[in-house]
$ cat final_28.cif   # mmCIF, C-alpha atoms
data_start
#
loop_
_atom_site.label_atom_id
_atom_site.label_comp_id
_atom_site.auth_asym_id
_atom_site.auth_seq_id
_atom_site.Cartn_x
_atom_site.Cartn_y
_atom_site.Cartn_z
CA MET Z 18 124.02 78.39 94.08
CA THR Z 19 121.32 80.85 95.22
CA GLY Z 20 119.64 81.59 98.54
CA GLY Z 21 116.07 82.68 99.29
CA THR Z 22 116.67 85.90 97.38
CA GLY Z 23 117.53 84.19 94.12
CA LEU Z 24 121.06 85.63 94.42
CA THR Z 25 124.34 83.80 94.05
CA ALA Z 26 126.50 83.55 97.16
CA ALA Z 27 128.83 86.18 95.72
CA ALA Z 28 125.96 88.54 94.97
CA ARG Z 29 124.54 88.07 98.47
CA PHE Z 30 127.93 88.83 99.98
CA ALA Z 31 128.27 91.97 97.87
CA LEU Z 32 124.82 93.15 98.91
CA LEU Z 33 125.55 92.53 102.58
CA GLN Z 34 128.80 94.43 102.28
CA ARG Z 35 127.03 97.36 100.65
CA LEU Z 36 124.31 97.45 103.29
CA SER Z 37 126.83 97.14 106.11
CA LYS Z 38 128.84 100.05 104.76
CA ARG Z 39 125.66 102.10 104.37
CA ARG Z 40 124.66 101.35 107.98
CA ALA Z 41 128.13 102.29 109.22
CA ARG Z 42 127.96 105.61 107.35
CA GLN Z 43 124.50 106.29 108.79
CA GLU Z 44 125.65 105.55 112.33
CA GLU Z 45 128.70 107.76 111.88
CA SER Z 46 126.68 110.63 110.48
CA GLY Z 47 123.96 110.08 113.07
CA ALA Z 48 126.46 110.78 115.84
CA GLU Z 49 127.11 114.17 114.29
CA GLU Z 50 123.50 115.13 113.65
CA ASP Z 51 121.70 117.46 116.02
CA ALA Z 52 118.57 116.53 117.95
CA ARG Z 53 116.34 118.09 115.29
CA SER Z 54 117.56 115.79 112.52
CA PHE Z 55 115.15 113.13 111.35
CA GLY Z 56 118.07 111.14 110.01
CA ALA Z 57 118.89 110.00 113.54
CA LEU Z 58 115.63 108.04 113.77
CA PRO Z 59 116.43 104.28 113.82
CA ALA Z 60 113.31 103.43 111.83
CA LEU Z 61 114.20 105.99 109.17
CA ARG Z 62 117.69 104.50 108.90
CA ASP Z 63 116.18 101.05 108.40
CA PHE Z 64 113.95 102.49 105.68
CA GLU Z 65 116.97 103.96 103.91
CA LEU Z 66 118.71 100.58 104.06
CA MET Z 67 115.68 98.94 102.52
CA LYS Z 68 115.77 101.42 99.65
CA THR Z 69 119.47 100.72 99.19
CA ALA Z 70 118.77 96.97 99.00
CA MET Z 71 116.09 97.53 96.34
CA GLU Z 72 118.45 99.67 94.30
CA ALA Z 73 121.25 97.11 94.62
CA LEU Z 74 118.92 94.35 93.43
CA ASP Z 75 117.62 96.52 90.57
CA LEU Z 76 114.05 96.15 91.89
CA PRO Z 77 111.65 98.86 90.67
CA ASN Z 78 109.44 100.49 93.29
CA PRO Z 79 105.94 99.04 92.70
CA PHE Z 80 104.21 101.52 95.00
CA PHE Z 81 102.59 104.91 94.37
CA ARG Z 82 102.18 104.34 90.65
CA PRO Z 83 99.65 106.90 89.40
CA HIS Z 84 96.56 105.40 87.77
CA GLU Z 85 95.32 107.60 84.94
CA GLY Z 86 91.64 106.74 85.19
CA LEU Z 87 89.18 104.41 86.91
CA ALA Z 88 90.94 101.41 88.42
CA ALA Z 89 88.63 98.45 87.89
CA ASP Z 90 89.32 95.11 86.17
CA THR Z 91 91.80 97.04 84.03
CA THR Z 92 93.69 100.25 84.66
CA ARG Z 93 95.97 102.63 82.80
CA ILE Z 94 99.43 103.42 84.18
CA GLY Z 95 102.09 105.37 82.34
CA GLY Z 96 100.06 105.36 79.16
CA ALA Z 97 99.70 101.56 79.07
CA ASP Z 98 96.76 99.31 79.97
CA TYR Z 99 97.06 96.59 82.62
CA LEU Z 100 94.95 93.81 84.04
CA ASN Z 101 94.37 95.18 87.52
CA PHE Z 102 94.40 93.20 90.76
CA SER Z 103 95.30 96.03 93.13
CA SER Z 104 91.92 97.60 93.78
CA TYR Z 105 89.29 97.10 96.49
CA ASN Z 106 86.55 97.89 93.96
CA TYR Z 107 85.11 94.45 94.66
CA LEU Z 108 81.66 94.88 93.08
CA GLY Z 109 82.62 97.40 90.42
CA LEU Z 110 80.48 100.11 92.03
CA ASN Z 111 83.17 102.76 91.88
CA GLY Z 112 82.27 104.34 88.57
CA ASP Z 113 78.74 102.92 88.43
CA PRO Z 114 76.48 105.57 86.83
CA ARG Z 115 73.99 105.44 89.73
CA VAL Z 116 76.70 105.97 92.33
CA LYS Z 117 78.20 108.83 90.33
CA ALA Z 118 74.75 110.42 89.99
CA ALA Z 119 74.25 110.24 93.76
CA ALA Z 120 77.66 111.82 94.27
CA HIS Z 121 76.92 114.64 91.81
CA ALA Z 122 73.59 115.35 93.49
CA ALA Z 123 75.25 115.53 96.90
CA ILE Z 124 77.94 117.89 95.62
CA ASP Z 125 75.34 120.13 94.01
CA ARG Z 126 73.43 120.39 97.28
CA TYR Z 127 76.11 120.24 99.99
CA GLY Z 128 79.41 121.01 98.29
CA VAL Z 129 82.48 118.83 98.62
CA SER Z 130 83.10 119.06 102.37
CA ALA Z 131 81.23 119.01 105.67
CA SER Z 132 83.48 121.96 106.60
CA ALA Z 133 83.34 121.19 110.34
CA SER Z 134 83.04 118.39 112.82
CA ARG Z 135 79.56 116.94 112.88
CA VAL Z 136 79.24 117.95 116.54
CA VAL Z 137 79.71 121.60 115.63
CA SER Z 138 78.00 122.20 112.29
CA GLY Z 139 79.05 119.41 109.94
CA GLU Z 140 75.96 117.21 110.26
CA ARG Z 141 74.11 116.63 106.97
CA PRO Z 142 71.10 114.41 106.12
CA PRO Z 143 73.21 111.86 104.15
CA HIS Z 144 75.09 111.02 107.36
CA ALA Z 145 71.97 109.94 109.21
CA ALA Z 146 70.61 108.08 106.16
CA LEU Z 147 73.83 106.09 105.71
CA GLU Z 148 74.09 105.24 109.40
CA ALA Z 149 70.48 104.06 109.49
CA ALA Z 150 71.10 101.85 106.45
CA LEU Z 151 74.24 100.32 108.00
CA ALA Z 152 72.45 99.67 111.28
CA ALA Z 153 69.64 97.93 109.39
CA HIS Z 154 72.20 95.92 107.43
CA TYR Z 155 73.63 94.41 110.62
CA GLY Z 156 70.38 94.37 112.58
CA THR Z 157 71.81 96.72 115.21
CA GLU Z 158 70.18 99.65 116.95
CA ALA Z 159 72.49 102.31 115.56
CA ALA Z 160 75.67 103.03 113.59
CA LEU Z 161 78.28 105.78 113.37
CA CYS Z 162 80.45 106.80 110.40
CA LEU Z 163 83.91 108.34 110.69
CA VAL Z 164 86.24 109.86 108.10
CA SER Z 165 88.79 107.01 108.04
CA GLY Z 166 88.61 103.25 108.39
CA HIS Z 167 92.01 103.13 110.09
CA ALA Z 168 91.06 105.96 112.45
CA THR Z 169 87.79 104.19 113.28
CA ASN Z 170 89.59 101.22 114.82
CA VAL Z 171 92.21 103.40 116.48
CA THR Z 172 89.77 105.78 118.13
CA VAL Z 173 87.06 103.26 119.07
CA ILE Z 174 89.36 100.62 120.58
CA GLY Z 175 91.57 103.30 122.12
CA HIS Z 176 88.55 105.03 123.66
CA LEU Z 177 86.62 101.94 124.72
CA MET Z 178 89.40 100.07 126.52
CA GLY Z 179 91.75 101.18 129.31
CA PRO Z 180 94.83 100.18 131.34
CA ARG Z 181 92.88 97.73 133.52
CA ASP Z 182 91.49 95.88 130.48
CA VAL Z 183 92.71 93.24 128.05
CA VAL Z 184 92.47 93.17 124.24
CA LEU Z 185 92.84 89.79 122.56
CA HIS Z 186 93.28 89.77 118.83
CA ASP Z 187 94.07 87.45 115.96
CA ALA Z 188 97.81 87.30 115.28
CA THR Z 189 97.24 88.72 111.78
CA ILE Z 190 94.84 91.51 112.78
CA HIS Z 191 95.05 94.81 110.92
CA ASN Z 192 97.48 97.51 112.04
CA SER Z 193 94.61 99.85 112.93
CA CYS Z 194 93.41 97.45 115.62
CA LEU Z 195 96.93 97.11 117.02
CA GLU Z 196 97.30 100.88 117.17
CA GLY Z 197 93.94 101.21 118.91
CA ALA Z 198 94.93 98.64 121.53
CA ARG Z 199 98.28 100.36 122.06
CA LEU Z 200 96.56 103.73 122.49
CA SER Z 201 94.15 102.28 125.06
CA GLY Z 202 96.92 101.15 127.39
CA ALA Z 203 95.19 97.79 127.80
CA LYS Z 204 97.12 94.55 127.99
CA ARG Z 205 97.36 93.30 124.41
CA VAL Z 206 97.61 89.59 123.64
CA ALA Z 207 97.69 87.91 120.21
CA PHE Z 208 96.33 84.41 119.65
CA ALA Z 209 97.13 81.99 116.83
CA HIS Z 210 95.48 82.91 113.54
CA ASN Z 211 91.88 81.73 113.18
CA ASP Z 212 92.12 79.59 116.33
CA PRO Z 213 89.20 80.10 118.74
CA GLN Z 214 90.64 77.48 121.10
CA ALA Z 215 93.86 79.48 121.39
CA ALA Z 216 91.82 82.62 122.00
CA GLU Z 217 89.90 80.89 124.78
CA ARG Z 218 93.07 79.65 126.47
CA GLU Z 219 94.49 83.15 126.52
CA LEU Z 220 91.23 84.67 127.70
CA ALA Z 221 90.75 82.11 130.46
CA ALA Z 222 94.20 82.93 131.82
CA LEU Z 223 93.71 86.71 131.69
CA ARG Z 224 90.02 87.41 132.24
CA ARG Z 225 89.92 87.32 136.04
CA GLY Z 226 92.60 89.96 136.36
CA ALA Z 227 91.03 92.32 133.81
CA ALA Z 228 88.17 94.73 134.32
CA ARG Z 229 86.92 94.29 130.76
CA ALA Z 230 87.91 92.13 127.80
CA LEU Z 231 87.63 92.64 124.05
CA ILE Z 232 88.21 90.03 121.34
CA VAL Z 233 89.00 91.47 117.90
CA ILE Z 234 88.89 89.44 114.70
CA GLU Z 235 88.44 90.17 110.99
CA GLY Z 236 85.56 88.83 108.96
CA HIS Z 237 87.75 88.28 105.89
CA TYR Z 238 91.49 88.49 106.42
CA SER Z 239 93.09 90.89 103.99
CA MET Z 240 96.47 89.13 103.84
CA ASP Z 241 95.32 85.52 103.49
CA GLY Z 242 91.76 85.74 102.17
CA ASP Z 243 90.43 83.27 104.75
CA VAL Z 244 87.59 83.62 107.26
CA PRO Z 245 87.13 82.79 110.97
CA ASP Z 246 84.53 80.53 112.60
CA LEU Z 247 82.22 83.28 113.85
CA ALA Z 248 79.95 81.04 115.95
CA ARG Z 249 82.93 79.69 117.88
CA PHE Z 250 84.23 83.16 118.66
CA VAL Z 251 80.77 84.26 119.81
CA GLU Z 252 80.72 81.30 122.20
CA VAL Z 253 84.17 82.14 123.56
CA ALA Z 254 83.21 85.76 124.16
CA ARG Z 255 80.00 84.81 125.96
CA ARG Z 256 81.64 82.20 128.19
CA HIS Z 257 84.17 84.71 129.42
CA ASP Z 258 82.04 87.85 129.60
CA ALA Z 259 83.98 89.57 126.82
CA TRP Z 260 82.98 91.87 124.00
CA LEU Z 261 83.45 90.61 120.43
CA MET Z 262 84.42 93.05 117.67
CA VAL Z 263 84.52 92.01 114.00
CA ASP Z 264 86.33 94.09 111.40
CA GLU Z 265 84.34 93.70 108.18
CA ALA Z 266 86.54 95.90 105.99
CA HIS Z 267 86.98 93.15 103.37
CA SER Z 268 83.75 91.26 104.19
CA LEU Z 269 80.98 93.68 103.27
CA GLY Z 270 79.87 92.99 99.70
CA VAL Z 271 82.08 89.92 99.56
CA LEU Z 272 80.82 87.26 101.98
CA GLY Z 273 77.38 85.66 101.87
CA PRO Z 274 74.91 85.33 98.99
CA ALA Z 275 73.88 88.99 99.25
CA GLY Z 276 77.26 90.28 100.44
CA ARG Z 277 75.99 91.08 103.92
CA GLY Z 278 79.16 89.75 105.50
CA LEU Z 279 80.51 86.95 107.67
CA PHE Z 280 77.29 86.40 109.63
CA GLU Z 281 75.35 85.79 106.41
CA LEU Z 282 78.00 83.48 104.98
CA GLN Z 283 77.96 81.28 108.08
CA GLY Z 284 74.32 81.65 109.11
CA VAL Z 285 75.10 83.24 112.48
CA ASP Z 286 72.81 85.66 114.30
CA PRO Z 287 74.58 89.04 113.96
CA SER Z 288 73.40 90.07 117.43
CA GLY Z 289 76.04 87.75 118.87
CA VAL Z 290 78.66 90.32 117.83
CA ASP Z 291 78.89 93.36 120.09
CA ILE Z 292 80.69 95.68 117.68
CA TRP Z 293 80.60 95.49 113.89
CA MET Z 294 83.24 97.61 112.21
CA GLY Z 295 83.81 98.19 108.53
CA THR Z 296 85.05 100.60 105.88
CA LEU Z 297 83.31 102.60 103.18
CA SER Z 298 86.34 102.57 100.89
CA LYS Z 299 86.06 99.11 99.38
CA THR Z 300 82.74 97.65 98.25
CA LEU Z 301 80.95 100.92 99.02
CA SER Z 302 83.27 102.93 96.70
CA SER Z 303 83.70 105.81 99.12
CA CYS Z 304 86.02 106.60 102.01
CA GLY Z 305 85.63 106.32 105.78
CA GLY Z 306 84.78 103.79 108.45
CA TYR Z 307 81.76 102.77 110.50
CA ILE Z 308 80.70 101.13 113.75
CA ALA Z 309 77.36 99.33 114.12
CA ALA Z 310 76.29 98.38 117.65
CA ARG Z 311 73.80 99.06 120.44
CA ARG Z 312 72.48 102.60 120.61
CA GLN Z 313 73.98 103.14 124.06
CA LEU Z 314 77.51 102.60 122.74
CA ILE Z 315 76.95 104.58 119.54
CA ASP Z 316 75.52 107.58 121.41
CA TRP Z 317 78.51 107.57 123.76
CA LEU Z 318 80.99 107.38 120.88
CA ARG Z 319 79.15 110.11 118.99
CA HIS Z 320 79.64 112.52 121.87
CA THR Z 321 83.03 111.47 123.24
CA ALA Z 322 85.23 109.47 120.79
CA PRO Z 323 88.19 111.75 119.92
CA GLY Z 324 88.45 110.55 116.31
CA PHE Z 325 84.84 111.60 115.75
CA VAL Z 326 84.32 114.62 117.98
CA TYR Z 327 87.57 116.37 117.05
CA SER Z 328 87.59 115.48 113.35
CA VAL Z 329 85.81 117.07 110.42
CA GLY Z 330 82.67 115.19 109.46
CA LEU Z 331 82.55 112.72 106.60
CA ALA Z 332 82.10 114.64 103.35
CA PRO Z 333 78.41 114.48 102.36
CA VAL Z 334 79.39 113.33 98.86
CA LEU Z 335 81.15 110.31 100.39
CA ALA Z 336 78.13 109.46 102.55
CA ALA Z 337 75.82 109.69 99.54
CA SER Z 338 78.14 107.52 97.42
CA ALA Z 339 78.36 104.84 100.09
CA LEU Z 340 74.60 104.87 100.65
CA GLU Z 341 73.87 104.38 96.94
CA SER Z 342 76.51 101.65 96.68
CA LEU Z 343 74.90 99.84 99.61
CA ARG Z 344 71.52 100.08 97.90
CA VAL Z 345 72.80 98.76 94.56
CA MET Z 346 74.64 95.92 96.30
CA ALA Z 347 71.43 94.80 98.01
CA GLU Z 348 69.47 94.93 94.75
CA GLU Z 349 72.05 93.14 92.60
CA PRO Z 350 73.39 90.06 94.44
CA TRP Z 351 74.66 88.71 91.10
CA ARG Z 352 77.65 90.97 91.58
CA VAL Z 353 78.61 89.13 94.76
CA ALA Z 354 78.15 85.75 93.09
CA ARG Z 355 80.35 86.75 90.15
CA LEU Z 356 83.03 88.15 92.45
CA ASN Z 357 83.25 84.91 94.39
CA ALA Z 358 83.26 82.83 91.21
CA ASN Z 359 86.12 84.92 89.84
CA ALA Z 360 88.19 84.65 93.01
CA THR Z 361 87.65 80.90 93.24
CA ARG Z 362 88.57 80.53 89.58
CA LEU Z 363 91.85 82.41 90.04
CA ARG Z 364 92.74 80.53 93.22
CA ASP Z 365 92.05 77.15 91.66
CA ALA Z 366 93.88 78.07 88.44
CA LEU Z 367 97.00 78.98 90.40
CA ARG Z 368 96.86 75.78 92.44
CA ALA Z 369 96.31 73.71 89.31
CA ARG Z 370 99.63 75.06 88.05
CA GLY Z 371 101.39 73.99 91.24
CA LEU Z 372 101.47 77.49 92.75
CA ASP Z 373 100.76 78.27 96.40
CA ALA Z 374 97.57 80.33 96.84
CA GLY Z 375 97.84 80.13 100.61
CA ALA Z 376 94.70 79.79 102.71
CA SER Z 377 92.44 81.77 100.37
CA ALA Z 378 88.79 80.81 100.71
CA GLY Z 379 88.13 82.07 97.18
CA HIS Z 380 86.01 85.10 98.05
CA ALA Z 381 87.92 88.17 96.84
CA ILE Z 382 91.53 87.92 98.00
CA VAL Z 383 94.00 85.45 96.53
CA PRO Z 384 97.62 85.49 97.74
CA LEU Z 385 100.51 83.99 95.83
CA MET Z 386 103.02 82.86 98.44
CA THR Z 387 106.63 83.53 97.43
CA GLY Z 388 108.65 82.71 100.56
CA SER Z 389 110.88 85.78 100.29
CA SER Z 390 110.38 89.51 99.98
CA ILE Z 391 112.85 89.86 97.14
CA ARG Z 392 111.18 87.15 95.11
CA ALA Z 393 107.83 88.84 95.72
CA GLY Z 394 109.28 92.10 94.41
CA ARG Z 395 110.77 90.39 91.38
CA LEU Z 396 107.55 88.57 90.56
CA SER Z 397 105.54 91.78 90.85
CA ALA Z 398 107.95 93.47 88.44
CA ALA Z 399 107.82 90.51 86.04
CA LEU Z 400 104.02 90.58 86.02
CA PHE Z 401 103.97 94.32 85.45
CA GLU Z 402 106.22 93.87 82.43
CA ARG Z 403 103.67 91.35 81.13
CA GLY Z 404 100.67 93.65 81.68
CA VAL Z 405 99.42 92.52 85.11
CA ASN Z 406 99.30 94.89 88.09
CA ALA Z 407 99.59 92.98 91.39
CA GLN Z 408 101.37 94.31 94.45
CA PRO Z 409 103.96 92.52 96.60
CA ILE Z 410 103.46 92.21 100.37
CA THR Z 411 106.83 91.98 102.03
CA PHE Z 412 108.55 92.08 105.40
CA PRO Z 413 107.78 93.71 107.83
CA ALA Z 414 104.10 93.76 106.80
CA VAL Z 415 104.29 89.94 106.96
CA PRO Z 416 107.02 87.59 108.22
CA GLU Z 417 109.83 87.20 105.66
CA ARG Z 418 108.94 83.60 104.83
CA ALA Z 419 105.30 84.64 104.36
CA ALA Z 420 106.01 87.25 101.68
CA ARG Z 421 103.54 87.16 98.81
CA LEU Z 422 101.81 88.83 95.95
CA ARG Z 423 98.22 89.73 96.69
CA PHE Z 424 95.46 89.65 94.08
CA PHE Z 425 92.27 91.61 94.77
CA VAL Z 426 89.61 90.23 92.45
CA SER Z 427 86.55 92.11 91.17
CA SER Z 428 83.14 91.13 89.87
CA GLU Z 429 84.16 93.07 86.76
CA HIS Z 430 86.92 90.63 85.81
CA THR Z 431 85.99 88.23 83.02
CA GLU Z 432 86.79 84.53 82.96
CA ALA Z 433 89.15 85.19 80.06
CA GLN Z 434 91.02 87.79 82.11
CA ILE Z 435 91.29 85.41 85.06
CA ASP Z 436 92.61 82.57 82.89
CA ARG Z 437 95.06 84.83 81.11
CA THR Z 438 96.35 86.14 84.43
CA ALA Z 439 96.90 82.63 85.82
CA ALA Z 440 98.89 81.70 82.72
CA ILE Z 441 101.00 84.87 82.95
CA VAL Z 442 101.67 84.27 86.65
CA ALA Z 443 102.81 80.72 85.98
CA GLU Z 444 105.11 81.96 83.21
CA ALA Z 445 106.60 84.65 85.48
CA CYS Z 446 107.08 82.19 88.34
CA ALA Z 447 108.90 79.80 86.05
CA GLY Z 448 111.35 82.53 85.16
CA THR Z 449 111.96 83.77 88.71
CA PRO Z 450 114.36 81.92 91.04
CA PRO Z 451 112.61 79.94 93.79
CA ALA Z 452 112.69 81.05 97.41
CA GLU Z 453 115.06 79.40 99.86
CA PRO Z 454 116.34 80.63 103.26
CA PRO Z 455 115.89 84.42 103.47
CA LEU Z 456 118.66 86.96 103.31
CA GLU Z 457 120.27 87.63 106.69
CA SER Z 458 120.21 91.21 107.88
CA PRO Z 459 123.55 92.99 108.14
CA GLY Z 460 125.18 93.13 111.55
#
$ encode --input "final_28.cif" --output "structure tokens"
Amino acid sequence: MTGGTGLTAAARFALLQRLSKRRARQEESGAEEDARSFGALPALRDFELMKTAMEALDLPNPFFRPHEGLAADTTRIGGADYLNFSSYNYLGLNGDPRVKAAAHAAIDRYGVSASASRVVSGERPPHAALEAALAAHYGTEAALCLVSGHATNVTVIGHLMGPRDVVLHDATIHNSCLEGARLSGAKRVAFAHNDPQAAERELAALRRGAARALIVIEGHYSMDGDVPDLARFVEVARRHDAWLMVDEAHSLGVLGPAGRGLFELQGVDPSGVDIWMGTLSKTLSSCGGYIAARRQLIDWLRHTAPGFVYSVGLAPVLAASALESLRVMAEEPWRVARLNANATRLRDALRARGLDAGASAGHAIVPLMTGSSIRAGRLSAALFERGVNAQPITFPAVPERAARLRFFVSSEHTEAQIDRTAAIVAEACAGTPPAEPPLESPG
């Protein structure tokens, strides 16, 4: 008889014994380590235990595999070709000849780095051009680009809010938003996923005692592939005098007929959102993050936000690449249509085979729910052996029972590739033990 790990009772007991002994050794050695030893860190010990569990279960590490070329619908790893579902290259613009030409031209003119913060001497014309294009995209007065998407949320939320404020966020919001709220010192409250009524209940209870309030949601949730009801969240924010921030990292180029994002998909006036945030590293085949909002806020952030003022400026080549990608996206909406058709096809093909594709709306992200982290790891390994690259998402990134594989679909995938992948997934699932109650952690 097996548990949620697909292990027999005897095998589970042996694993627990091994982990318990490892923890005991760590605790014993930790008592002897000096204050400068990293080994005494509790989180590092937990990480070592996780590695021990993977080794005991003979699970290969699916992370940090080097890709030997462009990662698009297919990729090459270790000298072999794989169907690839682990890339954010949603519209296939990374590697597009026009984007590469724009990048080459920027390198020829500006080099490969801004070489300073933009405040000091790192400002280049591509920065202003990209920010103007992003502001026009969202119909805002201005925009600001930073060197990292994660750092954008951390520094903007951390700088905007303070100890007398409250930040309400979706329960599945991205780590960068959580870190920004923690940095701000504001009271942080999570509400049930995609539930504007729950958000309003929390806000109604907290708003009077807070100087300012910020609601943070994602336009397209990266773990589940579903979308929020934007109009409802705009209403909630307005009723309670709160700012609304939407993280469009996985929305731009994905949602709406032209890929303009959540507001286009749902026909909502984008001016109802106070802060639009997004990343340059996915559809726009670059790297960095952006904020689009009123000029007053953008000017203040430009001169005072620590993650912008005290950081080197976005490399001009990255700004030029993102700008050209944005232009191509606007001119070729067929890419967005094909992306959504591919994602819907994969989602429906999995469901037709009795597999759980979670709450995916069929836009670009399709999860395969496994119910246990170990089963997710085993399925990922089984798929890799069969020529499909899809990464597992395990505890603590998601709750143990919500472990999954996550498929990022591209406009470059063909229908034949999608159908072949669904068949391979079904075959791998049939050969992997089902998930039952998860493994208990050692004492």
$ axis_aligned_box --input "final_28.cif" --around "region 355-370 of chain Z" --padding-each-side "8 Å" --output "AutoDock Vina command-line options"
--center_x 90.0 --center_y 80.9 --center_z 91.2 --size_x 35.3 --size_y 30.4 --size_z 22.3
$ residues_around --input "final_28.cif" --residues "Gln408 (chain Z)" --least-positions-apart "6" --cutoff "8 Å" --atoms "only C-alpha atoms" --output "PyMOL selection string"
chain Z and resi 79-80+102-103+397+422-424
$ write_last_selection --input "final_28.cif" --atoms "C-alpha atoms" --output "tab-separated table (two decimals), keeping the file's coordinate frame"
chain	number	residue	atom	x	y	z
Z	79	PRO	CA	105.94	99.04	92.70
Z	80	PHE	CA	104.21	101.52	95.00
Z	102	PHE	CA	94.40	93.20	90.76
Z	103	SER	CA	95.30	96.03	93.13
Z	397	SER	CA	105.54	91.78	90.85
Z	422	LEU	CA	101.81	88.83	95.95
Z	423	ARG	CA	98.22	89.73	96.69
Z	424	PHE	CA	95.46	89.65	94.08
$ resolve_selection --input "final_28.cif" --expression "the PyMOL selection byres ((chain Z and resi 347) around 9)" --output "PDB file with C-alpha atoms, in the frame of the given file"
ATOM      1  CA  GLY Z 270      79.870  92.990  99.700  1.00  0.00           C
ATOM      2  CA  ALA Z 275      73.880  88.990  99.250  1.00  0.00           C
ATOM      3  CA  GLY Z 276      77.260  90.280 100.440  1.00  0.00           C
ATOM      4  CA  ARG Z 277      75.990  91.080 103.920  1.00  0.00           C
ATOM      5  CA  SER Z 342      76.510 101.650  96.680  1.00  0.00           C
ATOM      6  CA  LEU Z 343      74.900  99.840  99.610  1.00  0.00           C
ATOM      7  CA  ARG Z 344      71.520 100.080  97.900  1.00  0.00           C
ATOM      8  CA  VAL Z 345      72.800  98.760  94.560  1.00  0.00           C
ATOM      9  CA  MET Z 346      74.640  95.920  96.300  1.00  0.00           C
ATOM     10  CA  GLU Z 348      69.470  94.930  94.750  1.00  0.00           C
ATOM     11  CA  GLU Z 349      72.050  93.140  92.600  1.00  0.00           C
ATOM     12  CA  PRO Z 350      73.390  90.060  94.440  1.00  0.00           C
TER      13      PRO Z 350
END
$ atom_distance --input "final_28.cif" --atom1 "CA of Gly139 (chain Z)" --atom2 "CA of Arg319 (chain Z)"
13.0 Å
$ resolve_selection --input "final_28.cif" --expression "the PyMOL selection byres ((chain Z and resi 300) around 8)" --output "JSON, numbers by chain"
{"Z": [105, 106, 107, 108, 109, 110, 269, 270, 271, 297, 298, 299, 301, 302, 342]}
$ write_last_selection --input "final_28.cif" --atoms "C-alpha atoms" --output "mmCIF file, in the coordinates of the input"
data_model
loop_
_atom_site.group_PDB
_atom_site.id
_atom_site.type_symbol
_atom_site.label_atom_id
_atom_site.label_comp_id
_atom_site.auth_asym_id
_atom_site.auth_seq_id
_atom_site.Cartn_x
_atom_site.Cartn_y
_atom_site.Cartn_z
ATOM 1 C CA TYR Z 105 89.290 97.100 96.490
ATOM 2 C CA ASN Z 106 86.550 97.890 93.960
ATOM 3 C CA TYR Z 107 85.110 94.450 94.660
ATOM 4 C CA LEU Z 108 81.660 94.880 93.080
ATOM 5 C CA GLY Z 109 82.620 97.400 90.420
ATOM 6 C CA LEU Z 110 80.480 100.110 92.030
ATOM 7 C CA LEU Z 269 80.980 93.680 103.270
ATOM 8 C CA GLY Z 270 79.870 92.990 99.700
ATOM 9 C CA VAL Z 271 82.080 89.920 99.560
ATOM 10 C CA LEU Z 297 83.310 102.600 103.180
ATOM 11 C CA SER Z 298 86.340 102.570 100.890
ATOM 12 C CA LYS Z 299 86.060 99.110 99.380
ATOM 13 C CA LEU Z 301 80.950 100.920 99.020
ATOM 14 C CA SER Z 302 83.270 102.930 96.700
ATOM 15 C CA SER Z 342 76.510 101.650 96.680
#
$ closest_residue --input "final_28.cif" --among "Z:Gly371, Z:Pro143, Z:Pro59, Z:Pro413" --to "Ala440 (chain Z)" --atoms "all atoms listed in the file"
Z:Gly371
$ atom_distance --input "final_28.cif" --atom1 "CA of Gly128 (chain Z)" --atom2 "CA of Ala332 (chain Z)"
8.6 Å
$ atom_distance --input "final_28.cif" --atom1 "CA of Leu177 (chain Z)" --atom2 "CA of Tyr155 (chain Z)"
20.6 Å
$ resolve_selection --input "final_28.cif" --expression "the PyMOL selection byres ((chain Z and resi 381-384) around 6)" --output "PyMOL selection string"
chain Z and resi 242+360+374+377+380+385+422-426
$ write_last_selection --input "final_28.cif" --atoms "C-alpha atoms" --output "compact mmCIF listing (two decimals), in the frame of the given file"
# COMPACT_ATOMS: atom_id res chain seq x y z
CA GLY Z 242 91.76 85.74 102.17
CA ALA Z 360 88.19 84.65 93.01
CA ALA Z 374 97.57 80.33 96.84
CA SER Z 377 92.44 81.77 100.37
CA HIS Z 380 86.01 85.10 98.05
CA LEU Z 385 100.51 83.99 95.83
CA LEU Z 422 101.81 88.83 95.95
CA ARG Z 423 98.22 89.73 96.69
CA PHE Z 424 95.46 89.65 94.08
CA PHE Z 425 92.27 91.61 94.77
CA VAL Z 426 89.61 90.23 92.45
$ residues_around --input "final_28.cif" --residues "Gly295 (chain Z)" --least-positions-apart "2" --cutoff "9 Å" --atoms "all atoms listed in the file" --output "list in words"
Gly166, Thr169, Val263, Asp264, Glu265, Ala266, His267, Ser268, Leu269, Trp293, Leu297, Gly305, Gly306, Tyr307, Ile308 and Ala309 of chain Z
$ closest_residue --input "final_28.cif" --among "Z:Gly388, Z:Gly379, Z:Gly289, Z:Pro323" --to "Thr157 (chain Z)" --atoms "only C-alpha atoms"
Z:Gly289
$ residues_around --input "final_28.cif" --residues "Glu432 (chain Z)" --least-positions-apart "3" --cutoff "12 Å" --atoms "all atoms listed in the file" --output "PyMOL selection string"
chain Z and resi 90+355-363+366+426-429+435-439
$ closest_residue --input "final_28.cif" --among "Z:Asn192, Z:Leu66, Z:Pro213, Z:Cys162" --to "Ala146 (chain Z)" --atoms "only C-alpha atoms"
Z:Cys162
$ closest_residue --input "final_28.cif" --among "Z:Glu235, Z:Glu65, Z:Asp187, Z:Glu281" --to "His154 (chain Z)" --atoms "all atoms listed in the file"
Z:Glu281
$ residues_near_point --input "final_28.cif" --point "(84.4, 110.2, 100.8)" --cutoff "6 Å" --atoms "all atoms listed in the file" --output "PyMOL selection string"
chain Z and resi 303-304+332+335
